[in-house]
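Containing PDB, C-alpha atoms: coords.pdb.
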```pdb
ATOM      1  CA  MET A   1      24.548 -11.533  20.507
ATOM      2  CA  LYS A   2      20.930 -12.627  20.331
ATOM      3  CA  ALA A   3      19.535 -13.231  16.871
ATOM      4  CA  ILE A   4      16.553 -14.955  15.293
ATOM      5  CA  VAL A   5      17.742 -17.727  12.989
ATOM      6  CA  PHE A   6      16.247 -20.314  10.639
ATOM      7  CA  ASP A   7      18.240 -23.412   9.694
ATOM      8  CA  THR A   8      15.784 -24.785   7.141
ATOM      9  CA  PHE A   9      12.996 -23.414   4.984
ATOM     10  CA  GLY A  10       9.455 -23.712   6.254
ATOM     11  CA  GLY A  11       6.746 -22.055   8.312
ATOM     12  CA  THR A  12       7.265 -19.693  11.208
ATOM     13  CA  GLU A  13       8.079 -22.682  13.443
ATOM     14  CA  VAL A  14      11.576 -22.789  11.883
ATOM     15  CA  LEU A  15      12.453 -19.440  13.491
ATOM     16  CA  HIS A  16      14.322 -19.686  16.777
ATOM     17  CA  GLU A  17      16.525 -17.563  18.997
ATOM     18  CA  ALA A  18      20.261 -18.247  18.934
ATOM     19  CA  GLN A  19      23.539 -16.777  20.092
ATOM     20  CA  THR A  20      25.682 -15.614  17.167
ATOM     21  CA  GLU A  21      28.903 -13.673  16.835
ATOM     22  CA  ILE A  22      28.790  -9.889  16.797
ATOM     23  CA  PRO A  23      29.785  -8.866  13.239
ATOM     24  CA  GLU A  24      32.652  -6.498  12.447
ATOM     25  CA  PRO A  25      32.170  -3.724   9.876
ATOM     26  CA  GLY A  26      34.174  -3.799   6.660
ATOM     27  CA  SER A  27      35.133  -0.934   4.390
ATOM     28  CA  GLY A  28      32.190   1.417   3.828
ATOM     29  CA  GLN A  29      30.152  -0.244   6.564
ATOM     30  CA  VAL A  30      29.048   0.580  10.073
ATOM     31  CA  ARG A  31      27.772  -1.688  12.804
ATOM     32  CA  VAL A  32      24.375  -0.740  14.174
ATOM     33  CA  ARG A  33      23.068  -1.596  17.617
ATOM     34  CA  VAL A  34      19.572  -2.418  16.453
ATOM     35  CA  ARG A  35      16.650  -0.866  18.306
ATOM     36  CA  ALA A  36      13.808  -1.718  15.917
ATOM     37  CA  VAL A  37      13.306  -3.870  12.829
ATOM     38  CA  GLY A  38      10.672  -3.599  10.113
ATOM     39  CA  VAL A  39       8.859  -6.882   9.417
ATOM     40  CA  ASN A  40       8.093  -7.210   5.707
ATOM     41  CA  PRO A  41       6.112  -9.825   3.739
ATOM     42  CA  VAL A  42       9.295 -10.725   1.850
ATOM     43  CA  ASP A  43      10.836 -11.903   5.151
ATOM     44  CA  GLY A  44       8.288 -14.705   5.348
ATOM     45  CA  LYS A  45       8.637 -15.570   1.672
ATOM     46  CA  ILE A  46      12.413 -15.916   2.055
ATOM     47  CA  ARG A  47      11.933 -18.010   5.211
ATOM     48  CA  SER A  48       9.507 -20.325   3.419
ATOM     49  CA  GLY A  49      11.832 -20.788   0.439
ATOM     50  CA  THR A  50       9.365 -19.426  -2.130
ATOM     51  CA  MET A  51      11.725 -16.549  -2.987
ATOM     52  CA  GLU A  52      14.816 -18.734  -3.358
ATOM     53  CA  ALA A  53      15.052 -18.112  -7.124
ATOM     54  CA  ILE A  54      15.169 -14.343  -6.541
ATOM     55  CA  PHE A  55      16.900 -14.162  -3.146
ATOM     56  CA  PRO A  56      19.205 -17.209  -2.760
ATOM     57  CA  THR A  57      19.698 -17.837   0.951
ATOM     58  CA  THR A  58      22.625 -19.503   2.686
ATOM     59  CA  LEU A  59      21.466 -21.387   5.761
ATOM     60  CA  PRO A  60      21.475 -20.829   8.663
ATOM     61  CA  ALA A  61      20.175 -17.314   8.068
ATOM     62  CA  VAL A  62      18.960 -14.315  10.043
ATOM     63  CA  PRO A  63      15.867 -12.675   8.484
ATOM     64  CA  GLY A  64      15.217  -9.018   7.816
ATOM     65  CA  GLY A  65      16.848  -6.022   6.218
ATOM     66  CA  GLU A  66      15.147  -2.880   7.574
ATOM     67  CA  ILE A  67      16.578  -1.293  10.702
ATOM     68  CA  ALA A  68      16.724   1.659  13.038
ATOM     69  CA  GLY A  69      19.422   1.892  15.685
ATOM     70  CA  ILE A  70      22.639   3.424  16.943
ATOM     71  CA  VAL A  71      26.002   3.287  15.185
ATOM     72  CA  ASP A  72      28.437   1.586  17.552
ATOM     73  CA  ALA A  73      31.413   0.794  15.263
ATOM     74  CA  VAL A  74      32.643   2.390  12.036
ATOM     75  CA  GLY A  75      34.598   0.684   9.263
ATOM     76  CA  GLU A  76      37.208   2.192   6.986
ATOM     77  CA  ASP A  77      36.259   4.764   4.355
ATOM     78  CA  VAL A  78      33.244   6.036   6.298
ATOM     79  CA  ASP A  79      33.466   9.752   6.958
ATOM     80  CA  HIS A  80      29.886  10.969   7.415
ATOM     81  CA  LEU A  81      28.766   8.706  10.268
ATOM     82  CA  LYS A  82      30.252   8.221  13.715
ATOM     83  CA  GLU A  83      29.666   6.149  16.827
ATOM     84  CA  GLY A  84      26.543   7.276  18.627
ATOM     85  CA  ASP A  85      24.688   8.466  15.523
ATOM     86  CA  GLU A  86      21.036   7.400  15.443
ATOM     87  CA  VAL A  87      20.197   6.037  12.003
ATOM     88  CA  LEU A  88      17.605   4.240   9.902
ATOM     89  CA  GLY A  89      17.873   2.369   6.644
ATOM     90  CA  TRP A  90      18.799  -1.022   5.237
ATOM     91  CA  SER A  91      21.119  -3.646   6.663
ATOM     92  CA  ASP A  92      23.662  -5.789   4.831
ATOM     93  CA  THR A  93      23.242  -8.632   7.310
ATOM     94  CA  GLY A  94      20.127 -10.104   8.912
ATOM     95  CA  ALA A  95      18.235  -7.486  10.912
ATOM     96  CA  TYR A  96      16.420  -9.712  13.420
ATOM     97  CA  ALA A  97      19.365  -9.364  15.799
ATOM     98  CA  GLN A  98      20.939  -7.135  18.404
ATOM     99  CA  TYR A  99      23.591  -5.971  15.940
ATOM    100  CA  ALA A 100      23.656  -5.661  12.152
ATOM    101  CA  LEU A 101      26.071  -4.354   9.555
ATOM    102  CA  ALA A 102      24.952  -1.721   7.078
ATOM    103  CA  SER A 103      26.496   0.166   4.198
ATOM    104  CA  ALA A 104      26.931   3.726   5.398
ATOM    105  CA  ALA A 105      25.714   4.988   2.022
ATOM    106  CA  VAL A 106      22.159   3.712   2.606
ATOM    107  CA  LEU A 107      21.670   4.994   6.147
ATOM    108  CA  ALA A 108      19.991   8.280   7.047
ATOM    109  CA  LEU A 109      20.267  10.100  10.340
ATOM    110  CA  LYS A 110      17.134   9.650  12.434
ATOM    111  CA  PRO A 111      15.586  13.053  13.090
ATOM    112  CA  VAL A 112      14.649  14.173  16.568
ATOM    113  CA  GLY A 113      10.975  13.476  17.121
ATOM    114  CA  LEU A 114      10.867  10.210  15.162
ATOM    115  CA  ASP A 115      10.787   7.236  17.509
ATOM    116  CA  TRP A 116      12.542   3.947  16.848
ATOM    117  CA  THR A 117       9.509   1.938  15.794
ATOM    118  CA  HIS A 118       8.295   4.509  13.268
ATOM    119  CA  ALA A 119      11.840   4.953  11.977
ATOM    120  CA  ALA A 120      12.125   1.219  11.295
ATOM    121  CA  ALA A 121       8.750   1.259   9.521
ATOM    122  CA  LEU A 122       9.829   3.806   6.897
ATOM    123  CA  PRO A 123      12.706   2.655   4.618
ATOM    124  CA  VAL A 124      11.162  -0.223   2.650
ATOM    125  CA  ALA A 125       7.691   1.312   2.356
ATOM    126  CA  SER A 126       8.938   4.724   1.245
ATOM    127  CA  ASP A 127      11.430   3.307  -1.235
ATOM    128  CA  GLY A 128       8.832   0.945  -2.680
ATOM    129  CA  ALA A 129       6.155   3.632  -2.936
ATOM    130  CA  ASP A 130       8.468   6.049  -4.743
ATOM    131  CA  ARG A 131       9.669   3.349  -7.117
ATOM    132  CA  VAL A 132       6.196   2.124  -8.049
ATOM    133  CA  LEU A 133       4.756   5.611  -8.508
ATOM    134  CA  ASP A 134       7.610   6.343 -10.896
ATOM    135  CA  LEU A 135       6.999   3.053 -12.748
ATOM    136  CA  LEU A 136       3.368   4.084 -13.151
ATOM    137  CA  ASP A 137       4.435   7.633 -14.103
ATOM    138  CA  ILE A 138       1.774   9.202 -11.882
ATOM    139  CA  THR A 139       1.193  12.886 -12.651
ATOM    140  CA  THR A 140      -1.098  15.707 -11.551
ATOM    141  CA  GLY A 141      -4.781  15.210 -12.267
ATOM    142  CA  GLU A 142      -4.630  11.448 -12.800
ATOM    143  CA  THR A 143      -6.728   8.874 -10.946
ATOM    144  CA  LEU A 144      -4.762   6.107  -9.238
ATOM    145  CA  LEU A 145      -6.395   3.008  -7.761
ATOM    146  CA  ILE A 146      -4.424   1.463  -4.881
ATOM    147  CA  HIS A 147      -5.336  -1.998  -3.610
ATOM    148  CA  GLY A 148      -4.185  -2.474  -0.026
ATOM    149  CA  ALA A 149      -4.168   1.237   0.764
ATOM    150  CA  SER A 150      -4.050   0.696   4.531
ATOM    151  CA  GLY A 151      -0.911  -1.467   4.540
ATOM    152  CA  ALA A 152       2.619  -0.218   5.128
ATOM    153  CA  LEU A 153       3.440   0.474   1.480
ATOM    154  CA  GLY A 154      -0.112   1.568   0.674
ATOM    155  CA  THR A 155      -0.131   4.097   3.512
ATOM    156  CA  VAL A 156       2.934   5.847   2.113
ATOM    157  CA  ALA A 157       1.941   5.436  -1.549
ATOM    158  CA  VAL A 158      -1.421   7.127  -0.987
ATOM    159  CA  GLN A 159       0.236  10.165   0.565
ATOM    160  CA  LEU A 160       3.023  10.459  -2.006
ATOM    161  CA  ALA A 161       0.550  10.094  -4.882
ATOM    162  CA  VAL A 162      -1.695  12.792  -3.409
ATOM    163  CA  ALA A 163       1.395  14.997  -3.054
ATOM    164  CA  ARG A 164       1.972  14.516  -6.794
ATOM    165  CA  GLY A 165      -1.509  15.871  -7.433
ATOM    166  CA  ALA A 166      -3.236  12.563  -8.152
ATOM    167  CA  HIS A 167      -6.737  11.570  -7.100
ATOM    168  CA  VAL A 168      -6.386   8.296  -5.212
ATOM    169  CA  ILE A 169      -9.029   5.628  -4.706
ATOM    170  CA  GLY A 170      -7.827   3.242  -2.019
ATOM    171  CA  THR A 171      -9.295  -0.165  -1.245
ATOM    172  CA  ALA A 172      -9.154  -1.637   2.244
ATOM    173  CA  GLY A 173     -11.234  -3.634   4.684
ATOM    174  CA  PRO A 174     -14.322  -2.171   6.390
ATOM    175  CA  ALA A 175     -12.417  -1.334   9.579
ATOM    176  CA  ASN A 176      -9.869   0.751   7.665
ATOM    177  CA  GLN A 177     -12.142   3.019   5.639
ATOM    178  CA  GLU A 178     -11.749   6.065   7.890
ATOM    179  CA  TYR A 179      -8.012   5.464   8.078
ATOM    180  CA  VAL A 180      -7.620   5.448   4.275
ATOM    181  CA  THR A 181      -9.742   8.598   4.057
ATOM    182  CA  SER A 182      -7.476  10.294   6.604
ATOM    183  CA  LEU A 183      -4.510   9.661   4.308
ATOM    184  CA  GLY A 184      -6.135  11.687   1.534
ATOM    185  CA  ALA A 185      -7.742   8.947  -0.571
ATOM    186  CA  THR A 186     -11.312   8.099  -1.455
ATOM    187  CA  ALA A 187     -11.811   4.887   0.496
ATOM    188  CA  LEU A 188     -13.517   1.829  -0.926
ATOM    189  CA  VAL A 189     -14.147  -1.628   0.536
ATOM    190  CA  TYR A 190     -12.565  -4.371  -1.560
ATOM    191  CA  GLY A 191     -14.577  -7.380  -2.673
ATOM    192  CA  ASP A 192     -17.583  -8.181  -4.829
ATOM    193  CA  GLY A 193     -18.739  -5.514  -7.264
ATOM    194  CA  LEU A 194     -15.456  -3.638  -7.095
ATOM    195  CA  VAL A 195     -15.371  -2.767 -10.800
ATOM    196  CA  GLU A 196     -18.804  -1.138 -10.749
ATOM    197  CA  ARG A 197     -18.102   0.696  -7.500
ATOM    198  CA  VAL A 198     -14.802   2.087  -8.802
ATOM    199  CA  ARG A 199     -16.446   3.200 -12.025
ATOM    200  CA  ALA A 200     -19.097   5.025  -9.996
ATOM    201  CA  LEU A 201     -16.333   6.989  -8.284
ATOM    202  CA  ALA A 202     -14.263   7.470 -11.447
ATOM    203  CA  PRO A 203     -16.628   7.611 -14.437
ATOM    204  CA  ASP A 204     -13.771   8.697 -16.707
ATOM    205  CA  GLY A 205     -11.777   5.641 -15.709
ATOM    206  CA  VAL A 206      -8.637   5.045 -13.669
ATOM    207  CA  ASP A 207      -5.284   6.000 -15.162
ATOM    208  CA  ALA A 208      -3.172   3.516 -13.228
ATOM    209  CA  VAL A 209      -3.388   0.762 -10.609
ATOM    210  CA  LEU A 210      -1.043  -0.205  -7.781
ATOM    211  CA  ASP A 211      -1.777  -3.573  -6.190
ATOM    212  CA  ALA A 212      -0.085  -3.714  -2.797
ATOM    213  CA  ALA A 213      -2.489  -6.328  -1.433
ATOM    214  CA  GLY A 214      -1.995  -9.424  -3.589
ATOM    215  CA  LYS A 215      -5.518 -10.637  -2.922
ATOM    216  CA  GLY A 216      -6.877 -11.375  -6.374
ATOM    217  CA  ALA A 217      -7.605  -7.852  -7.591
ATOM    218  CA  LEU A 218      -5.560  -8.036 -10.796
ATOM    219  CA  GLU A 219      -8.401  -9.271 -13.006
ATOM    220  CA  ASP A 220     -10.622  -6.404 -11.847
ATOM    221  CA  SER A 221      -7.713  -4.024 -12.437
ATOM    222  CA  ILE A 222      -7.327  -5.242 -16.028
ATOM    223  CA  THR A 223     -11.050  -4.730 -16.592
ATOM    224  CA  LEU A 224     -10.890  -1.207 -15.207
ATOM    225  CA  ARG A 225      -7.859  -0.323 -17.305
ATOM    226  CA  GLY A 226      -9.100  -2.081 -20.450
ATOM    227  CA  GLY A 227      -5.784  -3.959 -20.607
ATOM    228  CA  THR A 228      -2.583  -4.509 -18.644
ATOM    229  CA  ASP A 229      -0.940  -1.134 -19.269
ATOM    230  CA  ARG A 230      -0.013   0.920 -16.169
ATOM    231  CA  ILE A 231      -0.807  -1.790 -13.634
ATOM    232  CA  VAL A 232       1.915  -2.754 -11.156
ATOM    233  CA  THR A 233       1.742  -5.244  -8.302
ATOM    234  CA  THR A 234       4.128  -5.650  -5.410
ATOM    235  CA  ALA A 235       2.334  -8.646  -3.946
ATOM    236  CA  ASP A 236       0.642 -10.933  -6.500
ATOM    237  CA  PHE A 237       2.914 -13.583  -8.009
ATOM    238  CA  ARG A 238       0.381 -14.271 -10.789
ATOM    239  CA  ALA A 239       1.492 -11.034 -12.420
ATOM    240  CA  ARG A 240       3.582 -12.559 -15.196
ATOM    241  CA  GLU A 241       0.938 -15.018 -16.316
ATOM    242  CA  LEU A 242      -1.484 -12.104 -16.576
ATOM    243  CA  GLY A 243       1.007  -9.857 -18.374
ATOM    244  CA  ILE A 244       1.326  -7.395 -15.494
ATOM    245  CA  VAL A 245       4.492  -5.814 -14.130
ATOM    246  CA  PHE A 246       5.677  -7.257 -10.807
ATOM    247  CA  ALA A 247       7.770  -4.621  -9.025
ATOM    248  CA  GLU A 248      10.735  -6.784  -8.103
ATOM    249  CA  GLY A 249      13.516  -4.549  -9.393
ATOM    250  CA  PRO A 250      16.383  -3.389  -7.174
ATOM    251  CA  GLN A 251      15.560  -0.946  -4.436
ATOM    252  CA  ARG A 252      17.016   2.503  -4.915
ATOM    253  CA  ARG A 253      17.969   2.847  -1.264
ATOM    254  CA  SER A 254      18.547   6.588  -1.422
ATOM    255  CA  ALA A 255      19.763   7.880   1.932
ATOM    256  CA  ALA A 256      18.973  11.457   0.858
ATOM    257  CA  ARG A 257      15.360  10.650  -0.017
ATOM    258  CA  LEU A 258      14.980   8.575   3.157
ATOM    259  CA  ALA A 259      16.261  11.499   5.231
ATOM    260  CA  GLU A 260      13.756  13.820   3.551
ATOM    261  CA  LEU A 261      10.801  11.538   4.244
ATOM    262  CA  ALA A 262      12.012  10.769   7.775
ATOM    263  CA  GLN A 263      11.973  14.487   8.533
ATOM    264  CA  GLN A 264       8.441  14.737   7.148
ATOM    265  CA  ALA A 265       7.432  11.846   9.400
ATOM    266  CA  ALA A 266       9.035  13.556  12.382
ATOM    267  CA  ASP A 267       7.233  16.811  11.513
ATOM    268  CA  GLY A 268       3.904  15.005  11.217
ATOM    269  CA  THR A 269       3.403  15.816   7.511
ATOM    270  CA  LEU A 270       3.876  12.171   6.467
ATOM    271  CA  ALA A 271       1.892   9.573   8.401
ATOM    272  CA  ILE A 272       3.765   6.370   9.232
ATOM    273  CA  THR A 273       1.543   3.869  11.017
ATOM    274  CA  VAL A 274       2.873   1.054  13.170
ATOM    275  CA  GLY A 275       0.149  -1.543  13.362
ATOM    276  CA  ALA A 276       1.751  -3.668  16.091
ATOM    277  CA  THR A 277       5.080  -4.223  17.809
ATOM    278  CA  PHE A 278       6.636  -7.468  19.022
ATOM    279  CA  PRO A 279       9.760  -8.137  21.080
ATOM    280  CA  LEU A 280      12.574  -9.812  19.144
ATOM    281  CA  ALA A 281      11.851 -13.131  20.869
ATOM    282  CA  ASP A 282       8.355 -13.106  19.335
ATOM    283  CA  ALA A 283       9.600 -12.810  15.742
ATOM    284  CA  ALA A 284       7.630 -15.943  14.792
ATOM    285  CA  LYS A 285       4.387 -14.312  15.989
ATOM    286  CA  ALA A 286       5.226 -11.176  14.004
ATOM    287  CA  GLN A 287       5.795 -13.188  10.839
ATOM    288  CA  GLN A 288       2.581 -15.126  11.455
ATOM    289  CA  ALA A 289       0.721 -11.805  11.527
ATOM    290  CA  SER A 290       2.523 -10.687   8.380
ATOM    291  CA  ASP A 291       1.839 -13.965   6.560
ATOM    292  CA  ALA A 292      -1.828 -13.664   7.478
ATOM    293  CA  GLY A 293      -2.048 -10.282   5.768
ATOM    294  CA  HIS A 294      -1.927  -7.769   8.617
ATOM    295  CA  SER A 295      -3.877  -4.888   7.137
ATOM    296  CA  ARG A 296      -2.968  -1.578   8.767
ATOM    297  CA  GLY A 297       0.490  -0.048   8.795
ATOM    298  CA  LYS A 298       3.729  -1.824   9.624
ATOM    299  CA  LEU A 299       4.685  -4.627  11.974
ATOM    300  CA  VAL A 300       7.855  -3.879  13.923
ATOM    301  CA  LEU A 301      10.177  -5.885  16.159
ATOM    302  CA  THR A 302      11.702  -4.079  19.115
ATOM    303  CA  VAL A 303      15.200  -5.059  20.237
ATOM    304  CA  ASP A 304      16.504  -4.607  23.782
TER     305      ASP A 304
END
```

Take the structure from the file and write it as structure tokens.
Amino acid sequence: MKAIVFDTFGGTEVLHEAQTEIPEPGSGQVRVRVRAVGVNPVDGKIRSGTMEAIFPTTLPAVPGGEIAGIVDAVGEDVDHLKEGDEVLGWSDTGAYAQYALASAAVLALKPVGLDWTHAAALPVASDGADRVLDLLDITTGETLLIHGASGALGTVAVQLAVARGAHVIGTAGPANQEYVTSLGATALVYGDGLVERVRALAPDGVDAVLDAAGKGALEDSITLRGGTDRIVTTADFRARELGIVFAEGPQRRSAARLAELAQQAADGTLAITVGATFPLADAAKAQQASDAGHSRGKLVLTVD
């Protein structure tokens, strides 16, 4: 099968196409004929070697772990999925490939009306948004500041926080102000004077901060909160030195919750934005865009 492989750590130039063996599912697993793959910032960090302490990688390796596709082989002890089922979720093996193995327990059936690219854009962002909102203990009536509100995780986090009854202020670039507003947040351009501009919108203060951008907003967040309490980042590795929680805990990977949100996406009640798609052969270009801080929605690889 075709797969994207890296044999050494480095920049996107280490990614190349290769022929690898089609994997066979073990107990509790299915094999998925991959149709689309979510490209996440962590993919580039693993490729570069900067995440080696957290995600040890055996080389050569195939990147990625977020998939949508069709079950084409079923291992032992799997009774709720069958060949031909259309699914989305997380893979056990590298996802930048024509086939990947996945634990059946973390796959949800893809609803009718949700296309492959939007299905692949959902698992990591929805899981991360739920997890961080729970870490922050967001409740009705609170004001939540989200940095990077137009990104993949930010897009979902804004909507889920609004659904919890929170008032959301979302920072993004000038071109994404209307987009963030459409998600239900009060949009704000990031950059100079952010503290004063947030205070003008929230004179009683912000109750919590989610940094999904990783672009130097933690100091301003501490100022706005009057300390480090109830600030979580998913993107800024300076968190520990500043005394802030970095959301690096294990993903929940709930198939039931993923199925619920996938149906909302199919119904149009949850917006999932795909910022750009790339064919599998252009995985290096996709990671270049991700490394550069692509700012609206999710980047997705399509697989023939």

CA of Arg296 in chain A to CA of Val34 in chain A, straight-line distance in Å: 23.8 Å

Contacts of range 92-108 of chain A within 7 Å, only C-alpha atoms, excl. fewer than 3 positions in-chain, as a PyMOL selection string: chain A and resi 1-4+22-23+25+28-34+37+62-67+78+87-89+253-255+258-259+280+303

Shortest interatomic distance to Thr57 in chain A - which of A:Ile146, A:Phe6, A:Glu241, A:Ala284, counting only C-alpha atoms: A:Phe6

Spatial sel., origin (39.0, 2.1, 6.3), limit 8 Å, all atoms listed in the file, listed as an NGL selection string: :A and (26-28 or 75-78)

Long-range neighbours of range 287-290 of chain A as a PyMOL selection string, 12 Å cut-off, only C-alpha atoms, 5 positions minimum in chain: chain A and resi 4+11-15+38-48+63-64+96+151-152+213+275-278+280-282+295-301

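Here CA of Gly69 in chain A stands at a distance of 18.6 Å from CA of Thr273 in chain A.
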
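Within 7 Å of range 182-196 of chain A, once only C-alpha atoms are used and residues closer than 5 positions along the same chain are dropped, the contacting residues are Val158, Gln159, Val162, Val168, Ile169, Gly170, Thr171, Ala172, Gly173, Pro174, Gln177, Asp220 and Leu224 of chain A.
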
Output for the residues just chosen: C-alpha atoms as an mmCIF file, in the coordinates of the input:
```cif
data_model
loop_
_atom_site.group_PDB
_atom_site.id
_atom_site.type_symbol
_atom_site.label_atom_id
_atom_site.label_comp_id
_atom_site.auth_asym_id
_atom_site.auth_seq_id
_atom_site.Cartn_x
_atom_site.Cartn_y
_atom_site.Cartn_z
ATOM 1 C CA VAL A 158 -1.421 7.127 -0.987
ATOM 2 C CA GLN A 159 0.236 10.165 0.565
ATOM 3 C CA VAL A 162 -1.695 12.792 -3.409
ATOM 4 C CA VAL A 168 -6.386 8.296 -5.212
ATOM 5 C CA ILE A 169 -9.029 5.628 -4.706
ATOM 6 C CA GLY A 170 -7.827 3.242 -2.019
ATOM 7 C CA THR A 171 -9.295 -0.165 -1.245
ATOM 8 C CA ALA A 172 -9.154 -1.637 2.244
ATOM 9 C CA GLY A 173 -11.234 -3.634 4.684
ATOM 10 C CA PRO A 174 -14.322 -2.171 6.390
ATOM 11 C CA GLN A 177 -12.142 3.019 5.639
ATOM 12 C CA ASP A 220 -10.622 -6.404 -11.847
ATOM 13 C CA LEU A 224 -10.890 -1.207 -15.207
#
```

Among the residues A:Glu24, A:Asp130, A:Ala36, A:Asp7, the one that comes closest to Gly49 in chain A [using all atoms listed in the file]: A:Asp7

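If you look at CA of His147 in chain A and CA of Trp90 in chain A, they are 25.7 Å away from each other.
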
Picked residues, the PyMOL selection byres ((chain A and resi 238) around 12), expected as a PyMOL selection string: chain A and resi 211+214-219+232-237+239-246

Spatial neighbours of Ala129 in chain A, max dist 10 Å, all atoms listed in the file, sep filter under 2 positions, as a PyMOL selection string: chain A and resi 124-127+131-135+152-161+210+212+234

Polymer residues at most 8 Å from Ala262 in chain A, only C-alpha atoms, same-chain spacing of 5 or more positions, as JSON, numbers by chain: {"A": [110, 111, 114, 119, 122]}

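For the point (-14.9, 8.6, -10.4), the residues with at least one atom inside 10 Å, counting all atoms listed in the file, are Thr143, His167, Val168, Ile169, Thr186, Arg197, Val198, Arg199, Ala200, Leu201, Ala202, Pro203, Asp204, Gly205 and Val206 of chain A.
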
Nearest-residue call for Arg225 in chain A, choices A:Leu59, A:Ala120, A:Val274, A:Leu144, using all atoms listed in the file: A:Leu144

Residues selected by the PyMOL selection byres ((chain A and resi 266) around 12), written as an MDAnalysis selection string: chainID A and resid 109:116 118:119 122 259:265 267:272
